[in-house]
Amino acid sequence: MRLLTCVCLTLAVLACGDSSGPGRQVVLDVTALAAPDTVPAAGPLTVTVTVTVGGCLSFERFHVERTAARLDLVAVGRDGSGPGVACTADVRYEAHEYSAGPPFTDPFTVAVRQPDGSSITRQVHVR
(Lines give C-alpha, C1' and ligand atoms only; values in the text may rest on other atoms or scores of the structure.)
Protein backbone atom coordinates (compact mmCIF):
# COMPACT_ATOMS: atom_id res chain seq x y z
CA MET A 1 0.00 0.00 0.00
CA ARG A 2 2.84 2.43 0.84
CA LEU A 3 4.54 1.66 -2.48
CA LEU A 4 1.32 2.45 -4.34
CA THR A 5 0.99 5.70 -2.38
CA CYS A 6 4.61 6.64 -3.21
CA VAL A 7 4.07 5.90 -6.90
CA CYS A 8 0.87 7.96 -6.97
CA LEU A 9 2.59 10.80 -5.12
CA THR A 10 5.46 10.76 -7.62
CA LEU A 11 3.10 10.91 -10.56
CA ALA A 12 1.09 13.71 -8.96
CA VAL A 13 4.19 15.80 -8.27
CA LEU A 14 5.58 15.29 -11.75
CA ALA A 15 2.21 16.07 -13.34
CA CYS A 16 2.24 19.52 -11.72
CA GLY A 17 4.75 20.86 -14.20
CA ASP A 18 5.64 20.66 -17.83
CA SER A 19 7.71 17.51 -18.20
CA SER A 20 9.05 18.39 -21.63
CA GLY A 21 11.82 20.89 -22.08
CA PRO A 22 13.63 23.32 -19.81
CA GLY A 23 12.09 24.28 -16.52
CA ARG A 24 10.30 21.04 -15.79
CA GLN A 25 9.56 20.00 -12.20
CA VAL A 26 11.48 17.01 -10.85
CA VAL A 27 11.85 15.08 -7.61
CA LEU A 28 15.29 15.87 -6.20
CA ASP A 29 17.71 13.37 -4.70
CA VAL A 30 17.95 13.55 -0.91
CA THR A 31 21.31 12.82 0.70
CA ALA A 32 20.31 13.23 4.36
CA LEU A 33 17.34 13.55 6.70
CA ALA A 34 17.95 14.91 10.19
CA ALA A 35 15.24 14.74 12.82
CA PRO A 36 15.36 15.00 16.61
CA ASP A 37 15.08 11.82 18.68
CA THR A 38 12.15 13.27 20.64
CA VAL A 39 9.58 16.01 20.24
CA PRO A 40 7.20 17.46 22.84
CA ALA A 41 3.55 16.52 22.28
CA ALA A 42 2.83 20.23 21.77
CA GLY A 43 5.52 20.42 19.03
CA PRO A 44 6.79 21.81 16.78
CA LEU A 45 8.91 19.24 14.98
CA THR A 46 11.59 20.64 12.68
CA VAL A 47 13.47 18.36 10.30
CA THR A 48 16.35 19.16 7.95
CA VAL A 49 16.42 17.62 4.48
CA THR A 50 19.61 17.84 2.42
CA VAL A 51 18.93 17.84 -1.32
CA THR A 52 21.25 17.59 -4.31
CA VAL A 53 21.19 20.66 -6.56
CA GLY A 54 23.56 22.36 -8.96
CA GLY A 55 24.04 22.40 -12.68
CA CYS A 56 20.51 23.02 -13.89
CA LEU A 57 18.80 21.62 -10.78
CA SER A 58 17.32 23.92 -8.14
CA PHE A 59 15.13 23.36 -5.07
CA GLU A 60 11.62 24.86 -5.11
CA ARG A 61 9.50 23.40 -2.31
CA PHE A 62 8.39 20.35 -0.37
CA HIS A 63 5.30 18.41 -1.34
CA VAL A 64 3.82 17.38 2.02
CA GLU A 65 1.39 14.70 3.17
CA ARG A 66 0.67 14.56 6.89
CA THR A 67 -1.23 12.47 9.42
CA ALA A 68 -0.97 12.40 13.22
CA ALA A 69 1.44 9.44 12.92
CA ARG A 70 3.46 10.34 9.83
CA LEU A 71 5.01 13.15 7.78
CA ASP A 72 5.83 12.39 4.14
CA LEU A 73 7.98 14.87 2.23
CA VAL A 74 9.03 15.05 -1.40
CA ALA A 75 11.72 17.56 -2.41
CA VAL A 76 10.44 19.19 -5.59
CA GLY A 77 12.82 21.12 -7.78
CA ARG A 78 13.23 22.53 -11.22
CA ASP A 79 15.42 21.09 -13.97
CA GLY A 80 16.39 23.85 -16.36
CA SER A 81 18.31 21.59 -18.77
CA GLY A 82 17.24 21.19 -22.34
CA PRO A 83 18.20 21.93 -25.93
CA GLY A 84 20.51 24.93 -26.16
CA VAL A 85 20.97 25.15 -22.38
CA ALA A 86 24.45 24.79 -20.92
CA CYS A 87 24.43 23.42 -17.38
CA THR A 88 27.45 23.59 -15.12
CA ALA A 89 28.90 20.41 -13.66
CA ASP A 90 28.82 21.66 -10.07
CA VAL A 91 27.00 19.53 -7.55
CA ARG A 92 25.87 21.16 -4.34
CA TYR A 93 24.02 19.96 -1.27
CA GLU A 94 21.48 22.33 0.24
CA ALA A 95 19.88 21.86 3.63
CA HIS A 96 16.22 22.88 3.83
CA GLU A 97 14.12 22.84 6.99
CA TYR A 98 10.49 21.88 7.36
CA SER A 99 8.47 22.40 10.54
CA ALA A 100 5.31 20.54 11.47
CA GLY A 101 2.96 21.26 14.33
CA PRO A 102 0.97 18.85 16.48
CA PRO A 103 -0.79 16.49 16.78
CA PHE A 104 1.85 13.77 17.01
CA THR A 105 1.36 10.14 17.95
CA ASP A 106 4.17 8.08 19.43
CA PRO A 107 6.21 7.02 17.56
CA PHE A 108 6.00 9.60 14.80
CA THR A 109 7.55 8.72 11.42
CA VAL A 110 9.19 11.20 9.07
CA ALA A 111 9.82 9.96 5.53
CA VAL A 112 11.43 11.65 2.53
CA ARG A 113 10.89 10.02 -0.84
CA GLN A 114 13.73 9.62 -3.32
CA PRO A 115 13.34 9.90 -7.12
CA ASP A 116 13.49 6.08 -7.42
CA GLY A 117 10.51 5.68 -5.07
CA SER A 118 12.52 4.53 -2.05
CA SER A 119 12.38 6.54 1.18
CA ILE A 120 14.67 7.72 3.94
CA THR A 121 12.83 7.47 7.25
CA ARG A 122 13.36 8.53 10.85
CA GLN A 123 11.28 7.78 13.91
CA VAL A 124 10.69 10.49 16.48
CA HIS A 125 9.38 9.71 19.96
CA VAL A 126 6.74 12.00 21.43
CA ARG A 127 7.09 12.95 25.08
# chains A, B, ... in the order shown; residues from 1 in each chain; ligands from 1

$ residues_around --residues "A:Glu94" --least-positions-apart "4" --cutoff "9 Å" --atoms "only C-alpha atoms" --output "PDB file with all heavy atoms, in the first residue's frame"
ATOM      1  N   VAL A  49      16.279  18.493   5.643  1.00  0.00           N
ATOM      2  CA  VAL A  49      16.418  17.618   4.484  1.00  0.00           C
ATOM      3  C   VAL A  49      17.514  18.201   3.599  1.00  0.00           C
ATOM      4  O   VAL A  49      17.439  19.364   3.203  1.00  0.00           O
ATOM      5  CB  VAL A  49      15.097  17.512   3.699  1.00  0.00           C
ATOM      6  CG1 VAL A  49      15.253  16.629   2.475  1.00  0.00           C
ATOM      7  CG2 VAL A  49      13.974  17.013   4.603  1.00  0.00           C
ATOM      8  N   THR A  50      18.531  17.398   3.295  1.00  0.00           N
ATOM      9  CA  THR A  50      19.614  17.838   2.423  1.00  0.00           C
ATOM     10  C   THR A  50      19.365  17.296   1.026  1.00  0.00           C
ATOM     11  O   THR A  50      19.276  16.083   0.836  1.00  0.00           O
ATOM     12  CB  THR A  50      20.978  17.377   2.957  1.00  0.00           C
ATOM     13  OG1 THR A  50      21.124  17.852   4.300  1.00  0.00           O
ATOM     14  CG2 THR A  50      22.118  17.907   2.100  1.00  0.00           C
ATOM     15  N   VAL A  51      19.241  18.215   0.066  1.00  0.00           N
ATOM     16  CA  VAL A  51      18.931  17.843  -1.319  1.00  0.00           C
ATOM     17  C   VAL A  51      20.117  18.143  -2.228  1.00  0.00           C
ATOM     18  O   VAL A  51      20.924  19.024  -1.950  1.00  0.00           O
ATOM     19  CB  VAL A  51      17.674  18.574  -1.838  1.00  0.00           C
ATOM     20  CG1 VAL A  51      16.447  18.196  -1.037  1.00  0.00           C
ATOM     21  CG2 VAL A  51      17.858  20.074  -1.831  1.00  0.00           C
ATOM     22  N   THR A  52      20.205  17.388  -3.315  1.00  0.00           N
ATOM     23  CA  THR A  52      21.249  17.590  -4.309  1.00  0.00           C
ATOM     24  C   THR A  52      20.746  18.564  -5.360  1.00  0.00           C
ATOM     25  O   THR A  52      19.692  18.347  -5.963  1.00  0.00           O
ATOM     26  CB  THR A  52      21.629  16.251  -4.973  1.00  0.00           C
ATOM     27  OG1 THR A  52      21.998  15.322  -3.960  1.00  0.00           O
ATOM     28  CG2 THR A  52      22.780  16.426  -5.950  1.00  0.00           C
ATOM     29  N   VAL A  53      21.517  19.648  -5.557  1.00  0.00           N
ATOM     30  CA  VAL A  53      21.194  20.658  -6.564  1.00  0.00           C
ATOM     31  C   VAL A  53      22.472  20.975  -7.336  1.00  0.00           C
ATOM     32  O   VAL A  53      23.502  20.367  -7.120  1.00  0.00           O
ATOM     33  CB  VAL A  53      20.604  21.932  -5.918  1.00  0.00           C
ATOM     34  CG1 VAL A  53      19.268  21.650  -5.263  1.00  0.00           C
ATOM     35  CG2 VAL A  53      21.570  22.541  -4.918  1.00  0.00           C
ATOM     36  N   PHE A  59      16.206  23.717  -5.998  1.00  0.00           N
ATOM     37  CA  PHE A  59      15.133  23.361  -5.067  1.00  0.00           C
ATOM     38  C   PHE A  59      14.031  24.412  -5.144  1.00  0.00           C
ATOM     39  O   PHE A  59      14.305  25.607  -5.197  1.00  0.00           O
ATOM     40  CB  PHE A  59      15.678  23.289  -3.641  1.00  0.00           C
ATOM     41  CG  PHE A  59      14.616  23.051  -2.606  1.00  0.00           C
ATOM     42  CD1 PHE A  59      14.145  21.773  -2.358  1.00  0.00           C
ATOM     43  CD2 PHE A  59      14.086  24.109  -1.878  1.00  0.00           C
ATOM     44  CE1 PHE A  59      13.159  21.554  -1.406  1.00  0.00           C
ATOM     45  CE2 PHE A  59      13.107  23.894  -0.925  1.00  0.00           C
ATOM     46  CZ  PHE A  59      12.638  22.614  -0.686  1.00  0.00           C
TER      47      PHE A  59
END

$ residues_around --residues "A:Ala35" --least-positions-apart "2" --cutoff "9 Å" --atoms "only C-alpha atoms" --output "number ranges by chain"
A: 33, 37-38, 45-49, 110, 122-124

$ closest_residue --among "A:Arg127, A:Thr31, A:Arg24, A:Gly77" --to "A:Pro103" --atoms "only C-alpha atoms"
A:Arg127

$ closest_residue --among "A:Cys56, A:Ala89, A:Val27, A:Ala95" --to "A:Val74" --atoms "only C-alpha atoms"
A:Val27

$ atom_distance --atom1 "atom CA of A:Ala75" --atom2 "atom CA of A:Tyr93"
12.6 Å

$ atom_distance --atom1 "atom CA of A:Val26" --atom2 "atom CA of A:Asp72"
16.7 Å

$ closest_residue --among "A:Pro102, A:Gly54, A:Gly82, A:Pro40" --to "A:Leu28" --atoms "only C-alpha atoms"
A:Gly54

$ closest_residue --among "A:Leu57, A:Cys87, A:Ala34, A:Leu71" --to "A:Ala100" --atoms "only C-alpha atoms"
A:Leu71

$ select_by_dssp --residues "chain A" --states "helix (DSSP H, G or I)" --output "list in words"
Arg2, Leu3, Leu4, Thr5, Cys6, Val7, Cys8, Leu9, Thr10, Leu11, Ala12, Val13, Leu14 and Ala15 of chain A

$ select_by_dssp --residues "stretch 38-91 of chain A" --states "strand (DSSP E or B)" --output "ChimeraX atom specification"
/A:38-39,45-54,57-66,70-79

$ atom_distance --atom1 "atom CA of A:Ser118" --atom2 "atom CA of A:Ser99"
22.2 Å

$ closest_residue --among "A:Asp90, A:Val85, A:Ser58, A:Thr105" --to "A:Asp29" --atoms "only C-alpha atoms"
A:Ser58

$ closest_residue --among "A:Thr121, A:Thr88, A:Gln25, A:Ser81" --to "A:Phe108" --atoms "only C-alpha atoms"
A:Thr121
